[in-house]
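> Next comes the structure file entry-v9.txt, holding compact mmCIF, C-alpha atoms and all ligand atoms.
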```txt
# COMPACT_ATOMS: atom_id res chain seq x y z
CA MET A 1 249.94 7.66 169.89
CA THR A 2 249.46 4.33 171.60
CA THR A 3 246.95 3.81 174.36
CA LEU A 4 247.77 2.40 177.78
CA ARG A 5 245.94 -0.77 176.71
CA ASP A 6 248.17 -1.09 173.61
CA ASP A 7 251.26 -0.68 175.77
CA PHE A 8 249.92 -3.18 178.32
CA LEU A 9 249.51 -5.75 175.57
CA ARG A 10 252.86 -4.95 174.03
CA PHE A 11 255.21 -4.33 176.94
CA VAL A 12 253.74 -6.24 179.87
CA CYS A 13 254.25 -9.99 179.57
CA GLN A 14 250.88 -11.55 178.84
CA THR A 15 249.89 -14.71 180.68
CA SER A 16 246.43 -15.20 179.25
CA PRO A 17 244.85 -14.83 175.82
CA GLU A 18 241.90 -13.02 177.41
CA PRO A 19 243.04 -10.72 180.21
CA LEU A 20 240.16 -9.00 182.04
CA GLY A 21 241.83 -5.78 180.99
CA ILE A 22 240.09 -3.29 183.29
CA GLU A 23 242.08 -0.05 183.17
CA VAL A 24 242.10 0.61 186.90
CA GLU A 25 241.66 4.18 188.02
CA ARG A 26 241.04 3.46 191.69
CA ALA A 27 239.62 0.81 193.99
CA HIS A 28 237.93 1.13 197.37
CA GLY A 29 235.78 -1.20 199.46
CA CYS A 30 234.19 -3.79 197.15
CA VAL A 31 234.42 -1.55 194.09
CA VAL A 32 237.00 -1.23 191.31
CA VAL A 33 236.62 1.88 189.13
CA ASP A 34 237.97 2.04 185.59
CA LYS A 35 239.38 5.06 183.77
CA ASN A 36 235.95 5.90 182.37
CA GLY A 37 234.46 6.00 185.84
CA ARG A 38 232.69 2.68 185.40
CA GLU A 39 232.27 0.80 188.68
CA TYR A 40 232.70 -2.96 189.00
CA LEU A 41 231.57 -4.92 192.03
CA ASP A 42 234.57 -7.06 192.92
CA LEU A 43 233.66 -10.63 193.86
CA LEU A 44 237.28 -11.81 193.66
CA SER A 45 239.16 -9.35 195.92
CA GLY A 46 242.20 -9.46 193.62
CA ILE A 47 241.99 -13.27 194.16
CA GLY A 48 241.50 -13.43 197.89
CA VAL A 49 243.72 -10.50 198.86
CA ALA A 50 241.42 -7.59 199.68
CA ASN A 51 239.63 -9.25 202.62
CA LEU A 52 239.13 -5.79 204.18
CA GLY A 53 238.08 -4.34 200.84
CA HIS A 54 240.37 -2.31 198.64
CA ALA A 55 242.50 0.44 200.16
CA HIS A 56 241.19 0.22 203.70
CA PRO A 57 242.00 3.61 205.31
CA VAL A 58 243.65 2.07 208.40
CA VAL A 59 245.97 0.01 206.19
CA VAL A 60 246.74 2.96 203.91
CA GLN A 61 247.61 5.10 206.94
CA ALA A 62 249.91 2.39 208.32
CA ILE A 63 251.68 2.21 204.95
CA LYS A 64 252.16 5.98 204.86
CA ASP A 65 253.44 6.09 208.44
CA GLN A 66 255.95 3.30 207.90
CA ALA A 67 257.07 4.69 204.51
CA GLU A 68 258.03 7.89 206.27
CA ARG A 69 260.05 6.02 208.93
CA TYR A 70 262.07 3.61 206.77
CA LEU A 71 261.66 1.38 203.72
CA HIS A 72 264.07 -1.50 203.13
CA ALA A 73 266.83 -1.33 205.72
CA MET A 74 268.51 -4.75 205.59
CA VAL A 75 268.01 -8.26 204.22
CA TYR A 76 265.75 -10.61 206.14
CA GLY A 77 266.72 -11.54 209.67
CA GLU A 78 269.62 -9.18 210.39
CA TYR A 79 268.10 -5.99 211.82
CA ILE A 80 265.33 -5.69 214.36
CA GLN A 81 262.53 -3.99 212.44
CA GLU A 82 259.55 -3.10 214.55
CA PRO A 83 256.68 -3.81 212.11
CA GLN A 84 258.10 -7.26 211.34
CA VAL A 85 258.57 -8.21 214.97
CA ARG A 86 255.17 -6.89 216.02
CA LEU A 87 253.43 -8.76 213.20
CA ALA A 88 255.26 -11.99 214.04
CA ARG A 89 254.26 -11.63 217.68
CA ARG A 90 250.61 -10.93 216.82
CA LEU A 91 250.52 -13.90 214.45
CA ALA A 92 251.87 -16.11 217.22
CA GLU A 93 248.90 -15.02 219.35
CA VAL A 94 246.28 -15.89 216.74
CA VAL A 95 247.54 -18.97 214.88
CA PRO A 96 246.87 -22.38 216.46
CA LYS A 97 249.35 -23.29 219.19
CA PRO A 98 252.17 -24.35 219.35
CA LEU A 99 252.95 -22.53 216.07
CA SER A 100 254.72 -19.33 216.99
CA VAL A 101 257.73 -18.56 214.78
CA SER A 102 257.23 -16.81 211.43
CA TYR A 103 259.49 -16.61 208.41
CA PHE A 104 258.28 -13.81 206.13
CA THR A 105 258.44 -13.95 202.35
CA ASN A 106 257.24 -11.81 199.44
CA SER A 107 254.59 -14.17 198.15
CA GLY A 108 252.69 -17.39 198.70
CA THR A 109 254.80 -19.51 196.41
CA GLU A 110 257.98 -18.47 198.22
CA ALA A 111 256.40 -19.35 201.54
CA VAL A 112 255.60 -22.79 200.13
CA GLU A 113 259.22 -23.15 198.99
CA GLY A 114 260.41 -22.29 202.47
CA ALA A 115 258.00 -24.73 204.09
CA LEU A 116 259.11 -27.57 201.79
CA LYS A 117 262.80 -26.88 202.41
CA THR A 118 262.24 -26.67 206.15
CA ALA A 119 260.39 -30.00 206.16
CA ARG A 120 263.15 -31.73 204.21
CA LYS A 121 265.90 -30.42 206.40
CA TYR A 122 264.05 -31.02 209.65
CA THR A 123 263.00 -34.61 208.86
CA GLY A 124 266.02 -35.62 206.77
CA ARG A 125 263.53 -37.22 204.36
CA SER A 126 263.04 -36.41 200.70
CA ARG A 127 259.53 -37.26 199.56
CA PHE A 128 256.48 -34.99 199.49
CA VAL A 129 252.84 -35.91 199.24
CA SER A 130 250.29 -33.52 197.80
CA PHE A 131 246.81 -33.78 196.34
CA ILE A 132 245.29 -33.88 192.90
CA GLY A 133 243.66 -30.52 192.22
CA GLY A 134 245.86 -28.69 194.75
CA PHE A 135 247.55 -25.41 193.87
CA HIS A 136 250.54 -24.04 195.75
CA GLY A 137 252.17 -21.52 193.41
CA ASP A 138 254.31 -21.35 190.31
CA THR A 139 257.96 -21.49 191.35
CA PHE A 140 259.67 -24.82 190.77
CA GLY A 141 259.18 -26.39 194.20
CA ALA A 142 255.61 -25.19 194.58
CA LEU A 143 254.81 -26.24 191.02
CA SER A 144 256.30 -29.67 191.72
CA VAL A 145 253.64 -30.24 194.38
CA GLY A 146 250.85 -28.69 192.28
CA GLY A 147 248.17 -31.25 191.58
CA ASN A 148 247.44 -30.55 187.92
CA SER A 149 249.68 -32.25 185.36
CA LEU A 150 248.63 -29.79 182.63
CA TYR A 151 250.48 -27.00 184.41
CA ARG A 152 253.48 -29.13 185.41
CA ALA A 153 254.14 -30.76 182.05
CA PRO A 154 255.68 -27.80 180.16
CA PHE A 155 258.23 -27.26 182.94
CA GLU A 156 259.34 -30.79 183.69
CA PRO A 157 261.57 -32.22 185.02
CA LEU A 158 260.42 -30.92 188.39
CA LEU A 159 261.09 -32.37 191.85
CA PRO A 160 261.08 -36.13 191.25
CA THR A 161 259.96 -37.18 194.72
CA VAL A 162 256.33 -36.11 194.83
CA THR A 163 253.34 -38.40 195.15
CA PHE A 164 249.89 -37.09 194.28
CA LEU A 165 246.95 -38.56 196.15
CA PRO A 166 243.25 -38.10 195.42
CA PHE A 167 241.77 -35.34 197.57
CA ASN A 168 239.23 -36.41 200.17
CA ASP A 169 240.02 -40.13 199.79
CA LEU A 170 240.72 -41.80 203.13
CA ASP A 171 241.91 -45.07 201.60
CA ALA A 172 244.70 -43.31 199.69
CA LEU A 173 246.35 -42.09 202.91
CA VAL A 174 248.20 -45.41 203.36
CA ASP A 175 250.60 -44.13 200.70
CA ILE A 176 251.99 -41.68 203.25
CA ASP A 177 254.94 -43.65 204.61
CA GLU A 178 258.20 -43.10 206.49
CA THR A 179 259.98 -41.73 203.40
CA VAL A 180 257.69 -38.68 203.43
CA ALA A 181 259.10 -35.38 204.70
CA ALA A 182 255.81 -33.54 204.44
CA VAL A 183 252.26 -33.68 203.24
CA ILE A 184 251.13 -30.38 201.78
CA ILE A 185 247.44 -29.63 201.41
CA GLU A 186 244.95 -26.80 201.08
CA PRO A 187 242.24 -27.37 203.71
CA ILE A 188 239.77 -26.27 201.04
CA GLN A 189 241.03 -26.49 197.48
CA GLY A 190 240.65 -23.08 195.87
CA GLU A 191 241.88 -23.32 192.28
CA GLY A 192 240.81 -26.96 192.29
CA GLY A 193 237.19 -25.78 192.30
CA VAL A 194 236.38 -24.79 195.90
CA ARG A 195 236.48 -28.40 197.08
CA ILE A 196 235.56 -28.84 200.73
CA PRO A 197 236.66 -32.17 202.23
CA ASP A 198 234.41 -34.37 204.34
CA SER A 199 234.69 -33.85 208.09
CA GLU A 200 236.93 -36.88 208.67
CA PHE A 201 239.49 -36.24 205.95
CA LEU A 202 241.82 -33.60 207.41
CA PRO A 203 241.87 -35.14 210.91
CA ARG A 204 242.83 -38.46 209.30
CA VAL A 205 245.58 -36.85 207.19
CA HIS A 206 246.88 -35.32 210.41
CA GLN A 207 246.72 -38.64 212.23
CA ARG A 208 248.56 -40.43 209.43
CA CYS A 209 251.31 -37.80 209.45
CA ARG A 210 251.69 -38.26 213.21
CA GLU A 211 251.91 -42.06 212.88
CA ILE A 212 254.57 -41.87 210.20
CA GLY A 213 256.55 -38.84 211.42
CA ALA A 214 255.83 -36.69 208.36
CA LEU A 215 255.17 -32.98 208.78
CA LEU A 216 251.77 -31.62 207.82
CA ILE A 217 251.84 -28.35 205.88
CA PHE A 218 248.56 -26.45 205.51
CA ASP A 219 248.54 -24.01 202.62
CA GLU A 220 246.11 -21.35 203.81
CA VAL A 221 247.18 -18.77 201.25
CA ILE A 222 243.60 -18.44 199.98
CA THR A 223 241.66 -19.67 203.03
CA GLY A 224 243.41 -17.55 205.67
CA PHE A 225 242.35 -14.38 207.46
CA GLY A 226 238.66 -14.98 207.84
CA ARG A 227 237.84 -16.00 204.30
CA THR A 228 236.06 -19.24 205.27
CA GLY A 229 234.31 -17.98 208.41
CA ARG A 230 237.16 -18.73 210.80
CA LEU A 231 240.43 -16.82 211.07
CA PHE A 232 242.13 -19.90 209.60
CA ALA A 233 240.29 -22.72 207.85
CA CYS A 234 242.11 -25.38 209.89
CA GLU A 235 239.95 -24.28 212.82
CA HIS A 236 236.88 -25.83 211.13
CA TRP A 237 238.42 -29.26 211.63
CA ASP A 238 240.37 -28.48 214.79
CA VAL A 239 243.55 -29.69 213.11
CA THR A 240 246.84 -27.91 213.80
CA PRO A 241 249.41 -28.40 211.07
CA ASP A 242 253.15 -28.48 211.71
CA ILE A 243 253.66 -25.63 209.27
CA LEU A 244 251.07 -23.02 208.28
CA VAL A 245 251.59 -21.18 204.99
CA LEU A 246 250.02 -17.73 204.58
CA ALA A 247 250.06 -14.96 201.97
CA LYS A 248 247.47 -13.00 199.94
CA ALA A 249 245.33 -11.27 202.63
CA LEU A 250 248.26 -11.39 205.08
CA GLY A 251 249.70 -8.15 203.68
CA GLY A 252 246.42 -6.21 203.59
CA GLY A 253 247.03 -5.49 199.88
CA MET A 254 250.83 -5.42 200.03
CA PRO A 255 253.02 -8.36 198.93
CA LEU A 256 253.67 -10.56 201.95
CA GLY A 257 253.78 -14.27 202.71
CA ALA A 258 254.85 -16.32 205.70
CA PHE A 259 255.38 -19.85 206.87
CA ILE A 260 254.86 -20.39 210.55
CA SER A 261 255.84 -23.32 212.70
CA THR A 262 257.11 -24.34 216.13
CA PRO A 263 260.38 -22.96 217.57
CA GLU A 264 261.88 -26.46 217.28
CA ILE A 265 261.06 -26.94 213.59
CA MET A 266 262.01 -23.40 212.63
CA ALA A 267 265.35 -23.71 214.43
CA THR A 268 266.44 -25.96 211.58
CA LEU A 269 266.87 -22.86 209.40
CA SER A 270 269.34 -21.24 211.83
CA THR A 271 272.19 -23.73 211.47
CA ASP A 272 274.00 -26.19 209.16
CA PRO A 273 274.74 -23.87 207.42
CA PRO A 274 273.51 -20.55 208.74
CA LEU A 275 272.07 -18.28 206.02
CA ALA A 276 270.98 -21.28 203.94
CA HIS A 277 267.52 -19.82 203.41
CA VAL A 278 267.43 -16.03 203.14
CA THR A 279 265.61 -13.36 201.19
CA THR A 280 266.33 -9.70 200.54
CA PHE A 281 262.83 -8.27 200.74
CA GLY A 282 260.84 -10.92 202.65
CA GLY A 283 259.06 -9.25 205.56
CA HIS A 284 259.47 -5.75 204.12
CA PRO A 285 258.68 -3.22 206.87
CA VAL A 286 255.98 -1.44 204.87
CA CYS A 287 254.28 -4.75 204.02
CA CYS A 288 254.45 -5.90 207.64
CA ALA A 289 253.03 -2.58 208.87
CA ALA A 290 250.15 -3.02 206.41
CA GLY A 291 249.70 -6.65 207.46
CA LEU A 292 249.60 -5.79 211.14
CA ALA A 293 247.05 -2.99 210.57
CA SER A 294 244.95 -5.33 208.46
CA LEU A 295 245.05 -8.12 211.04
CA GLU A 296 243.95 -5.76 213.80
CA VAL A 297 240.94 -4.63 211.76
CA ILE A 298 240.03 -8.24 210.92
CA LEU A 299 240.08 -9.10 214.63
CA GLN A 300 238.43 -5.93 215.94
CA GLU A 301 235.58 -6.13 213.45
CA ASP A 302 235.33 -9.92 213.78
CA LEU A 303 235.41 -10.31 210.01
CA PRO A 304 235.60 -14.13 210.17
CA GLN A 305 232.18 -14.14 211.84
CA ARG A 306 230.91 -11.60 209.34
CA ALA A 307 232.19 -13.77 206.49
CA GLN A 308 230.39 -16.74 207.98
CA VAL A 309 227.05 -14.90 208.13
CA SER A 310 227.40 -13.12 204.76
CA GLY A 311 228.61 -16.33 203.12
CA GLU A 312 225.51 -18.19 204.29
CA GLU A 313 223.31 -15.37 203.00
CA PHE A 314 225.11 -15.24 199.64
CA LEU A 315 224.96 -19.01 199.18
CA ARG A 316 221.28 -19.17 200.17
CA LYS A 317 220.42 -16.54 197.58
CA LEU A 318 222.56 -18.25 194.92
CA GLN A 319 220.95 -21.63 195.58
CA MET A 320 217.67 -20.13 194.36
CA LEU A 321 219.25 -19.68 190.92
CA VAL A 322 220.33 -23.32 190.56
CA GLY A 323 218.82 -24.86 187.44
CA THR A 324 219.14 -21.73 185.26
CA GLY A 325 221.80 -20.91 182.66
CA GLY A 326 223.68 -24.16 183.24
CA PHE A 327 224.25 -23.43 186.96
CA THR A 328 223.96 -26.82 188.65
CA ALA A 329 225.08 -26.43 192.28
CA GLY A 330 226.62 -24.04 194.78
CA ARG A 331 228.74 -24.67 197.86
CA GLY A 332 231.01 -22.72 200.14
CA ARG A 333 232.51 -21.98 203.50
CA GLY A 334 232.20 -18.38 204.59
CA LEU A 335 232.93 -16.15 201.63
CA LEU A 336 234.76 -18.76 199.58
CA ILE A 337 232.01 -19.96 197.30
CA GLY A 338 232.01 -22.26 194.28
CA MET A 339 229.33 -22.33 191.60
CA ASP A 340 229.22 -25.48 189.44
CA PHE A 341 228.21 -25.24 185.80
CA ALA A 342 227.19 -27.98 183.40
CA THR A 343 229.81 -27.12 180.77
CA PRO A 344 232.87 -24.88 180.29
CA GLU A 345 230.85 -22.89 177.70
CA ALA A 346 228.09 -22.15 180.22
CA THR A 347 230.78 -21.10 182.74
CA ARG A 348 232.48 -18.80 180.26
CA ASN A 349 229.18 -17.26 179.09
CA PHE A 350 228.20 -16.58 182.67
CA VAL A 351 231.53 -14.98 183.60
CA GLN A 352 231.60 -12.83 180.46
CA THR A 353 228.00 -11.65 180.81
CA CYS A 354 228.55 -10.83 184.48
CA PHE A 355 231.68 -8.90 183.60
CA ALA A 356 229.85 -6.94 180.90
CA THR A 357 227.26 -5.91 183.49
CA GLY A 358 229.84 -4.83 186.07
CA LEU A 359 230.64 -7.92 188.17
CA ILE A 360 234.17 -9.20 188.58
CA LEU A 361 234.35 -12.98 188.97
CA GLY A 362 236.17 -15.84 187.31
CA TRP A 363 236.46 -19.57 186.89
CA THR A 364 239.07 -21.49 188.84
CA LEU A 365 242.45 -22.34 187.33
CA HIS A 366 242.03 -26.10 187.43
CA ARG A 367 238.28 -26.48 186.96
CA ASP A 368 236.74 -24.66 184.04
CA THR A 369 233.22 -25.56 185.16
CA VAL A 370 233.51 -23.84 188.53
CA VAL A 371 233.15 -20.13 189.18
CA ARG A 372 234.82 -19.04 192.38
CA LEU A 373 233.52 -16.15 194.47
CA ALA A 374 235.82 -14.58 197.06
CA PRO A 375 234.48 -11.08 197.69
CA PRO A 376 235.85 -8.74 200.35
CA LEU A 377 234.65 -9.89 203.77
CA ILE A 378 233.04 -6.48 204.30
CA ILE A 379 230.55 -7.02 201.45
CA SER A 380 227.15 -5.67 202.50
CA SER A 381 223.73 -7.28 202.13
CA ALA A 382 222.85 -4.65 199.53
CA GLU A 383 225.97 -5.56 197.52
CA ILE A 384 225.13 -9.26 197.76
CA ASP A 385 221.63 -8.48 196.45
CA GLN A 386 223.09 -6.40 193.65
CA ALA A 387 225.46 -9.26 192.70
CA VAL A 388 222.71 -11.87 192.82
CA ALA A 389 220.41 -9.72 190.65
CA LEU A 390 223.14 -9.34 188.01
CA MET A 391 223.89 -13.06 188.16
CA ARG A 392 220.20 -13.91 187.82
CA GLU A 393 220.06 -11.84 184.67
CA ALA A 394 223.31 -13.36 183.32
CA LEU A 395 221.98 -16.88 183.94
CA ARG A 396 218.68 -16.01 182.30
CA ARG A 397 220.53 -14.82 179.20
CA GLY A 398 222.85 -17.85 179.20
CA GLY A 399 220.06 -20.42 179.69
C1 LIG B 1 246.46 -22.00 197.80
C2 LIG B 1 247.52 -21.17 197.16
N1 LIG B 1 248.80 -21.38 197.50
C3 LIG B 1 249.79 -20.65 196.95
C4 LIG B 1 249.53 -19.66 196.03
C5 LIG B 1 250.64 -18.87 195.45
O1 LIG B 1 250.65 -17.58 195.99
P1 LIG B 1 251.41 -16.40 195.22
O2 LIG B 1 250.60 -16.13 193.99
O3 LIG B 1 251.40 -15.26 196.20
O4 LIG B 1 252.77 -16.88 194.93
C6 LIG B 1 248.21 -19.41 195.66
C7 LIG B 1 247.91 -18.37 194.66
O5 LIG B 1 246.85 -18.26 194.11
C8 LIG B 1 247.17 -20.18 196.24
O6 LIG B 1 245.88 -19.99 195.91
```
Here is a file; write its structure as structure tokens.


Amino acid sequence: MTTLRDDFLRFVCQTSPEPLGIEVERAHGCVVVDKNGREYLDLLSGIGVANLGHAHPVVVQAIKDQAERYLHAMVYGEYIQEPQVRLARRLAEVVPKPLSVSYFTNSGTEAVEGALKTARKYTGRSRFVSFIGGFHGDTFGALSVGGNSLYRAPFEPLLPTVTFLPFNDLDALVDIDETVAAVIIEPIQGEGGVRIPDSEFLPRVHQRCREIGALLIFDEVITGFGRTGRLFACEHWDVTPDILVLAKALGGGMPLGAFISTPEIMATLSTDPPLAHVTTFGGHPVCCAAGLASLEVILQEDLPQRAQVSGEEFLRKLQMLVGTGGFTAGRGRGLLIGMDFATPEATRNFVQTCFATGLILGWTLHRDTVVRLAPPLIISSAEIDQAVALMREALRRGG
């Protein structure tokens, strides 16, 4: 008889030679429990999804309640579905003004696709600018603006009209000209190694877009919903994009993405022709009910502020480990933290030793010398201490 692990390796398409391979029995709060009852402290939140922790009871209840009312009723945009409308309205209250109209999708990459298409149609221009090290998803459009040639190369030809600029380089911004429909950027690069730009950079990108008439798209798929110590990372720089892209924590653990813009920009999707950008499941009522419940908890419990305070504590404690096991520097905003290592080997050793002792963390997709931490925003001081103690031991062994 085959085991579940055998069947996972055989029947589920594998995307990595070394999957983490935890056989999940259940997950709650900051803990994932495997089938043998072993508990792992989750410092990744399913990659930035479980901001409230796993299976938050308020979210689970909202899912159950909505599942009993109705599941899928109609493709996007035809019926008035209460959870979708209420979530869109609540988002309009909390995202920077004048953004107020949401288009819901099933994932982050689809939201990026929608944002790119909207920008092209609205501006009548074809070119996009994005940044080296940026990550926006794996569908063709999103991959085309992904700033790592290693991941683009096997799938080329992609969109031909993309220019990649160095991140955090003010001089490079002159390349944004009047042929550009949109500039797409993560305010803090996640997969690129938790790169935080200097204070001037994003305001200057914004200014350049204004001068030239290009739209500015902020991809806050990883940085949204309190992760960096503000509800949205753009608030750190007081820059309001033309289009805000959200996903991951938006659905409270259910698959949900959105791109949000002004009524004027979003009106471009209503005509010429109508139904030119539609989706069957985008904005699924159960996902929107979960997203709304999650957002209310984030706001009521002021989790952005909590992330700010816990992030400072976590980083302060990590800084004391710098210099051991190849760990050279730490940085972060809120609970999005990057740990730099001297070599990919030191990074891998650290991640594997941590995992063996019950800590879930990983290196970033585009930087194999950076370990990214993105724990649930509800992580307690005791859990931070537990994580730091295990990391200290892993670094001691790796050094
Ligand atoms: C910044 C950013 N944008 C877009 C995406 C793509 O989101 P999804 O995996 O939901 O398609 C990701 C996924 O990791 C991301 O980190």

> How far is it from CA of Gln189 (chain A) to atom C8 of ligand LIG 1 (chain B), in Å with one decimal?

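Atom C8 of ligand LIG 1 (chain B) lies 8.9 Å from CA of Gln189 (chain A).
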
> With the cut-off set at 10 Å and counting only C-alpha atoms and all ligand atoms, tabulate each residue of chain A with an atom at most that distance from an atom of ligand LIG 1 (chain B), showing the nearest atom pair and its distance in Å to one decimal, ordered by chain and increasing number, as a Markdown table.


```
| residue | atom | partner | partner_atom | distance |
| --- | --- | --- | --- | --- |
| A:Gly46 | CA | B:LIG1 | O5 | 10.0 |
| A:Ile47 | CA | B:LIG1 | O5 | 7.0 |
| A:Gly48 | CA | B:LIG1 | O6 | 8.1 |
| A:Val49 | CA | B:LIG1 | O3 | 9.4 |
| A:Thr105 | CA | B:LIG1 | O3 | 9.4 |
| A:Asn106 | CA | B:LIG1 | O3 | 7.5 |
| A:Ser107 | CA | B:LIG1 | O3 | 3.9 |
| A:Gly108 | CA | B:LIG1 | O1 | 3.4 |
| A:Thr109 | CA | B:LIG1 | O4 | 3.6 |
| A:Glu110 | CA | B:LIG1 | O4 | 6.4 |
| A:Ala111 | CA | B:LIG1 | O4 | 7.9 |
| A:Val112 | CA | B:LIG1 | C3 | 7.0 |
| A:Glu113 | CA | B:LIG1 | O4 | 9.9 |
| A:Gly134 | CA | B:LIG1 | C1 | 7.4 |
| A:Phe135 | CA | B:LIG1 | C1 | 5.3 |
| A:His136 | CA | B:LIG1 | N1 | 3.6 |
| A:Gly137 | CA | B:LIG1 | C5 | 3.7 |
| A:Asp138 | CA | B:LIG1 | O4 | 6.6 |
| A:Thr139 | CA | B:LIG1 | O4 | 7.8 |
| A:Ala142 | CA | B:LIG1 | C3 | 7.8 |
| A:Leu143 | CA | B:LIG1 | C5 | 9.6 |
| A:Gly146 | CA | B:LIG1 | N1 | 9.2 |
| A:Ile185 | CA | B:LIG1 | C1 | 8.5 |
| A:Glu186 | CA | B:LIG1 | C1 | 6.0 |
| A:Pro187 | CA | B:LIG1 | C1 | 9.0 |
| A:Ile188 | CA | B:LIG1 | C1 | 8.6 |
| A:Gln189 | CA | B:LIG1 | C1 | 7.1 |
| A:Gly190 | CA | B:LIG1 | O6 | 6.1 |
| A:Glu191 | CA | B:LIG1 | O6 | 6.3 |
| A:Gly192 | CA | B:LIG1 | C1 | 9.3 |
| A:Phe218 | CA | B:LIG1 | C1 | 9.1 |
| A:Asp219 | CA | B:LIG1 | C1 | 5.6 |
| A:Glu220 | CA | B:LIG1 | C1 | 6.1 |
| A:Val221 | CA | B:LIG1 | C2 | 4.8 |
| A:Ile222 | CA | B:LIG1 | O6 | 4.9 |
| A:Thr223 | CA | B:LIG1 | C1 | 7.5 |
| A:Gly224 | CA | B:LIG1 | C1 | 9.5 |
| A:Val245 | CA | B:LIG1 | N1 | 8.0 |
| A:Leu246 | CA | B:LIG1 | N1 | 8.1 |
| A:Ala247 | CA | B:LIG1 | O3 | 5.9 |
| A:Lys248 | CA | B:LIG1 | O3 | 5.9 |
| A:Ala249 | CA | B:LIG1 | O3 | 9.7 |
| A:Pro255 | CA | B:LIG1 | O3 | 7.6 |
| A:Leu256 | CA | B:LIG1 | O3 | 7.8 |
| A:Gly257 | CA | B:LIG1 | O3 | 7.0 |
| A:Thr364 | CA | B:LIG1 | O6 | 9.9 |
| A:Leu365 | CA | B:LIG1 | O5 | 9.1 |
```

> Please save C-alpha atoms of the selected residues as a compact mmCIF listing (two decimals), keeping the file's coordinate frame.


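Here's the written file result_32.txt:
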```txt
# COMPACT_ATOMS: atom_id res chain seq x y z
CA GLY A 46 242.20 -9.46 193.62
CA ILE A 47 241.99 -13.27 194.16
CA GLY A 48 241.50 -13.43 197.89
CA VAL A 49 243.72 -10.50 198.86
CA THR A 105 258.44 -13.95 202.35
CA ASN A 106 257.24 -11.81 199.44
CA SER A 107 254.59 -14.17 198.15
CA GLY A 108 252.69 -17.39 198.70
CA THR A 109 254.80 -19.51 196.41
CA GLU A 110 257.98 -18.47 198.22
CA ALA A 111 256.40 -19.35 201.54
CA VAL A 112 255.60 -22.79 200.13
CA GLU A 113 259.22 -23.15 198.99
CA GLY A 134 245.86 -28.69 194.75
CA PHE A 135 247.55 -25.41 193.87
CA HIS A 136 250.54 -24.04 195.75
CA GLY A 137 252.17 -21.52 193.41
CA ASP A 138 254.31 -21.35 190.31
CA THR A 139 257.96 -21.49 191.35
CA ALA A 142 255.61 -25.19 194.58
CA LEU A 143 254.81 -26.24 191.02
CA GLY A 146 250.85 -28.69 192.28
CA ILE A 185 247.44 -29.63 201.41
CA GLU A 186 244.95 -26.80 201.08
CA PRO A 187 242.24 -27.37 203.71
CA ILE A 188 239.77 -26.27 201.04
CA GLN A 189 241.03 -26.49 197.48
CA GLY A 190 240.65 -23.08 195.87
CA GLU A 191 241.88 -23.32 192.28
CA GLY A 192 240.81 -26.96 192.29
CA PHE A 218 248.56 -26.45 205.51
CA ASP A 219 248.54 -24.01 202.62
CA GLU A 220 246.11 -21.35 203.81
CA VAL A 221 247.18 -18.77 201.25
CA ILE A 222 243.60 -18.44 199.98
CA THR A 223 241.66 -19.67 203.03
CA GLY A 224 243.41 -17.55 205.67
CA VAL A 245 251.59 -21.18 204.99
CA LEU A 246 250.02 -17.73 204.58
CA ALA A 247 250.06 -14.96 201.97
CA LYS A 248 247.47 -13.00 199.94
CA ALA A 249 245.33 -11.27 202.63
CA PRO A 255 253.02 -8.36 198.93
CA LEU A 256 253.67 -10.56 201.95
CA GLY A 257 253.78 -14.27 202.71
CA THR A 364 239.07 -21.49 188.84
CA LEU A 365 242.45 -22.34 187.33
```

> May I ask for the distance between CA of Phe281 (chain A) and CA of His72 (chain A), given in Å to one decimal place?

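We find that CA of Phe281 (chain A) and CA of His72 (chain A) lie 7.3 Å from each other.
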
> Region 252-351 of chain A near region 238-242 of chain A within 9 Å: what's each residue's closest atom pair and its distance in Å to one decimal, counting all atoms listed in the file, ordered by chain then ascending residue number, as a Markdown table?


```
| residue | atom | partner | partner_atom | distance |
| --- | --- | --- | --- | --- |
| A:Ile260 | CA | A:Asp242 | CA | 8.3 |
| A:Ser261 | CA | A:Asp242 | CA | 5.9 |
| A:Thr262 | CA | A:Asp242 | CA | 7.2 |
| A:Ile265 | CA | A:Asp242 | CA | 8.3 |
```

> With the cut-off set at 8 Å and counting all atoms listed in the file, tabulate each residue of region 231-325 of chain A with an atom at most that distance from an atom of region 372-394 of chain A, showing the nearest atom pair and its distance in Å to one decimal, ordered by chain and increasing number, as CSV.


```
residue,atom,partner,partner_atom,distance
A:Leu303,CA,A:Leu377,CA,6.3
A:Pro304,CA,A:Leu377,CA,7.7
A:Arg306,CA,A:Leu377,CA,6.9
A:Ala307,CA,A:Leu377,CA,5.3
A:Ser310,CA,A:Ser381,CA,7.4
A:Phe314,CA,A:Ile384,CA,6.3
A:Lys317,CA,A:Val388,CA,7.1
A:Leu318,CA,A:Val388,CA,6.7
A:Leu321,CA,A:Arg392,CA,6.6
A:Gly325,CA,A:Ala394,CA,7.7
```

> Considering all atoms listed in the file, state which residue in the set A:Glu178, A:Glu93, A:Asp7, A:Glu296 is at the smallest distance from Gly252 (chain A).

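The shortest atom-to-atom distance to Gly252 (chain A) comes from A:Glu296.
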
> So that I can see what lies close to Pro57 (chain A), please list as a list in words the residues with an atom at most 10 Å from it, counting only C-alpha atoms and leaving out residues fewer than 5 positions away in the same chain.

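In the requested form, the answer reads His28, Gly29, Leu52, Ala62, Ile63, Ala293 and Ser294 of chain A.
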
> Produce the centre coordinates and the three edge lengths, each in Å to one decimal, of the box along x, y and z that contains all listed atoms of region 185-197 of chain A with 3 Å added on each side, as JSON.


```
{"center_x": 241.5, "center_y": -27.6, "center_z": 198.0, "size_x": 17.9, "size_y": 15.1, "size_z": 17.4}
```
